[in-house]
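What follows is a short report on a single structure.
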2 protein chains.
Amino acid sequence: MVSEFYDVIHRRRDVRGQFTGAAISVDVLDRVLEAAHAAPSVGLTQPWDFVVVRDRPLREAFHQHVHREREVFAATLDAEAAERFARIKIDGVLESTLSVVVTYDPDRGSPAVLGRHAIADAGLYSVCLAIQNLWLAATAEQLGVGWVSFYREEFLRELLAIPAGIRPVAWLCLGPVTHLEAVPDLERHGWRRRRPLAEAIHTDRWTPR
Amino acid sequence: MVSEFYDVIHRRRDVRGQFTGAAISVDVLDRVLEAAHAAPSVGLTQPWDFVVVRDRPLREAFHQHVHREREVFAATLDAEAAERFARIKIDGVLESTLSVVVTYDPDRGSPAVLGRHAIADAGLYSVCLAIQNLWLAATAEQLGVGWVSFYREEFLRELLAIPAGIRPVAWLCLGPVTHLEAVPDLERHGWRRRRPLAEAIHTDRWTPR
């Protein structure tokens, strides 16, 4: 009965190279954003916003910035890691149909946010839950999503005229794909292997390993 | 075709009062944790761990701490808000079958985490994506989840012997429930209403409202 749900969970990939650029219907985009908006949030603040970016010059400016940041990261690597990194595509900003920038407004519902007085980051956590809902809904709709994080928040804030005090949390490329890979890109390219689940599970108290 | 998936997205609730305490089978718990572990993560670091807490004294100690923190929050409210807050149950730590504490290890995959050089919080974001996968999988399995955030991280770290440098991100109550409410608790109790999705959507650039 829950097999369709788990199929979405396990098929989901972080897409860089498989975007086709084909259109997304209004109905599909609405369902995906409704799923994001249905996420839980601390104190029912729903502190997220979604900036749907289709404008070509904006995407080109972001893409160029991402590639400058790629060089910043590459310069921190030793020769062997740099060689592996050179094979890895880090974004599909120009090939995907559109992008969704997800932001966090810490003032929404302030000052008395129920459930945030002891954990300041709880609002930021809520935004991430919405992102994962969006990602899974897109996967259910046969779309791909790629989270690009090679950017400086201040650059993105200025690019999209996001007010001071609102924090950009994610740039998500979205659109139809030729296929979803069975194995994550970073594993296919030898960057890093997935960890066995058993190593991540502890009973009652932290188990040193 | 995707209706079962969206049913899970929209049925999911943050549960406080509907836990039955009935057992969770090993197979179901495995599927739920596998779903969490299938989340995307920056640089494929999978920086999460899951501490499955069944021990009664640990849960009682946490529950007492949560209720001390409830009083801390209540003291910040005006009389009208305090009256509304008094009606709201904030945790199901003792009534639920077990809890899962999800943690974040910023050192996993360090120093060169692909996709984190410009955004230090990207690893923390990954942990939240795993939490949402867990929450949705539990919903698909007819279980309830309640995220309790009335606690101090240092208290929880000491309670579960979590090492310095590893950050507790969530205490999730988990288990069978009598039902899931159609409307979120905080809305039912008049604490706060949900925001229309249309107000959260912007086109190309931030739209001041």
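Scheme for the structure tokens: letters A, B, ... for chains in order shown; per-chain residue numbers from 1; ligand numbers from 1 in order shown.
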
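Non-sequential neighbours of Thr103 (chain A) (distance at most 8 Å, separation of 5 or more positions within a chain, only C-alpha atoms) are Pro47, Trp48, Asp49, Phe50, Val127, Ile166, Arg167, Pro168, Val169 and Ala170 of chain A.
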
Under the rule of at most 7 Å, produce a per-residue listing of region 3-64 of chain A near region 131-149 of chain A: chain, number, name, the closest pair of atoms, and the distance in Å, as a Markdown table, using only C-alpha atoms.
```
| residue | atom | partner | partner_atom | distance |
| --- | --- | --- | --- | --- |
| A:Val8 | CA | A:Ala140 | CA | 5.7 |
| A:Ile9 | CA | A:Leu136 | CA | 6.8 |
| A:Arg12 | CA | A:Thr139 | CA | 5.7 |
| A:Asp14 | CA | A:Gly146 | CA | 4.7 |
| A:Val15 | CA | A:Gly146 | CA | 4.5 |
| A:Arg16 | CA | A:Gly146 | CA | 5.9 |
| A:Val32 | CA | A:Ala137 | CA | 5.3 |
| A:Leu33 | CA | A:Leu134 | CA | 6.3 |
| A:Ala35 | CA | A:Asn133 | CA | 5.7 |
| A:Ala36 | CA | A:Leu134 | CA | 4.6 |
| A:Ala39 | CA | A:Asn133 | CA | 6.6 |
```

Output C-alpha atoms for every residue in the selection just made, as a short mmCIF file (atom, residue, chain, number, x, y, z; two decimals), in the first residue's frame.
```
data_model
loop_
_atom_site.label_atom_id
_atom_site.label_comp_id
_atom_site.auth_asym_id
_atom_site.auth_seq_id
_atom_site.Cartn_x
_atom_site.Cartn_y
_atom_site.Cartn_z
CA VAL A 8 9.34 8.43 -4.56
CA ILE A 9 11.61 8.54 -1.49
CA ARG A 12 14.59 11.09 -5.69
CA ASP A 14 19.86 15.70 -6.78
CA VAL A 15 19.89 16.48 -10.51
CA ARG A 16 22.61 18.37 -12.39
CA VAL A 32 4.52 20.99 -6.07
CA LEU A 33 4.37 24.38 -4.33
CA ALA A 35 3.21 20.31 -1.14
CA ALA A 36 6.05 22.57 0.02
CA ALA A 39 5.17 21.24 5.51
#
```

Set out as a tab-separated table a contact list for chain A and chain B with a cut-off of 6 Å, giving each residue of chain A that qualifies its closest atom pair and distance in Å to one decimal, counting only C-alpha atoms, ordered by chain and rising residue number.
```
residue	atom	partner	partner_atom	distance
A:Phe5	CA	B:Phe5	CA	5.3
A:Asp49	CA	B:Ala200	CA	4.6
A:Phe50	CA	B:Ile201	CA	4.9
A:Val51	CA	B:His202	CA	4.5
A:Val52	CA	B:Thr203	CA	5.0
A:Val53	CA	B:Asp204	CA	4.2
A:Gly115	CA	B:Ser149	CA	5.3
A:Ala118	CA	B:Arg152	CA	5.8
A:Tyr125	CA	B:Cys128	CA	5.9
A:Cys128	CA	B:Cys128	CA	5.8
A:Leu129	CA	B:Gln132	CA	5.4
A:Gln132	CA	B:Leu129	CA	5.4
A:Ser149	CA	B:Gly115	CA	5.4
A:Phe150	CA	B:Gly115	CA	5.7
A:Arg152	CA	B:Ala118	CA	5.8
A:Leu160	CA	B:Arg205	CA	4.5
A:Ala161	CA	B:Trp206	CA	5.6
A:Ile162	CA	B:Trp206	CA	5.4
A:Ala200	CA	B:Asp49	CA	4.6
A:Ile201	CA	B:Phe50	CA	4.9
A:His202	CA	B:Val51	CA	4.5
A:Thr203	CA	B:Val52	CA	5.0
A:Asp204	CA	B:Val53	CA	4.2
A:Arg205	CA	B:Leu160	CA	4.5
A:Trp206	CA	B:Ile162	CA	5.4
```

Pull C-alpha atoms from the residues just selected and write them as an mmCIF file, in the first residue's frame.
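Listed below is the output, part-v5.cif:
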```cif
data_model
loop_
_atom_site.group_PDB
_atom_site.id
_atom_site.type_symbol
_atom_site.label_atom_id
_atom_site.label_comp_id
_atom_site.auth_asym_id
_atom_site.auth_seq_id
_atom_site.Cartn_x
_atom_site.Cartn_y
_atom_site.Cartn_z
ATOM 1 C CA PHE A 5 5.350 6.546 -1.493
ATOM 2 C CA ASP A 49 8.630 32.149 0.604
ATOM 3 C CA PHE A 50 9.138 30.849 -2.920
ATOM 4 C CA VAL A 51 10.646 33.019 -5.661
ATOM 5 C CA VAL A 52 9.969 31.318 -9.009
ATOM 6 C CA VAL A 53 12.770 32.419 -11.335
ATOM 7 C CA GLY A 115 8.578 26.238 20.038
ATOM 8 C CA ALA A 118 15.093 27.700 23.234
ATOM 9 C CA TYR A 125 14.595 23.930 10.140
ATOM 10 C CA CYS A 128 14.120 22.850 5.071
ATOM 11 C CA LEU A 129 11.101 20.625 5.704
ATOM 12 C CA GLN A 132 12.061 18.369 1.101
ATOM 13 C CA SER A 149 24.718 25.709 -2.906
ATOM 14 C CA PHE A 150 27.820 27.223 -4.539
ATOM 15 C CA ARG A 152 27.060 33.616 -1.336
ATOM 16 C CA LEU A 160 16.521 38.905 -6.437
ATOM 17 C CA ALA A 161 15.927 42.069 -4.357
ATOM 18 C CA ILE A 162 15.323 39.975 -1.232
ATOM 19 C CA ALA A 200 23.822 5.853 11.985
ATOM 20 C CA ILE A 201 21.507 4.139 14.481
ATOM 21 C CA HIS A 202 22.047 4.319 18.247
ATOM 22 C CA THR A 203 19.954 2.842 21.051
ATOM 23 C CA ASP A 204 18.872 5.038 23.996
ATOM 24 C CA ARG A 205 22.246 6.791 24.216
ATOM 25 C CA TRP A 206 24.976 7.749 21.772
#
```

Worksheet item: How many Å separate CA of Gly190 (chain A) from CA of Arg84 (chain A)?
Response: 7.2 Å

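Of the residues under consideration (B:Val66, B:Ala75, B:Leu172, B:Ile88), B:Ile88 shows the shortest atom-to-atom contact distance to His189 (chain B) when counting only C-alpha atoms.
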
Item to complete: Would you please give, as a PyMOL selection string, all residues of region 47-126 of chain A that DSSP assigns to helix (DSSP H, G or I) based on the backbone?
Response: chain A and resi 56-74+79-86+122-126

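Taking CA of Trp171 (chain B) and CA of Glu80 (chain B) as endpoints, the distance between them is 28.8 Å.
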
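Distance-wise, CA of His65 (chain B) and CA of Phe155 (chain B) end up 8.2 Å apart.
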
Practice prompt. If you run DSSP over the backbone, which residues in chain A end up strand (DSSP E)? Put them as a ChimeraX atom specification.
Written response: /A:48-53,98-104,143-148,167-176,201-203

Fill in: Distance query Phe19 (chain B) at most 10 Å, only C-alpha atoms, self and fewer than 5 positions along chain excluded, as a VMD selection string
chain B and resid 92 to 97 143 to 146 173 to 180
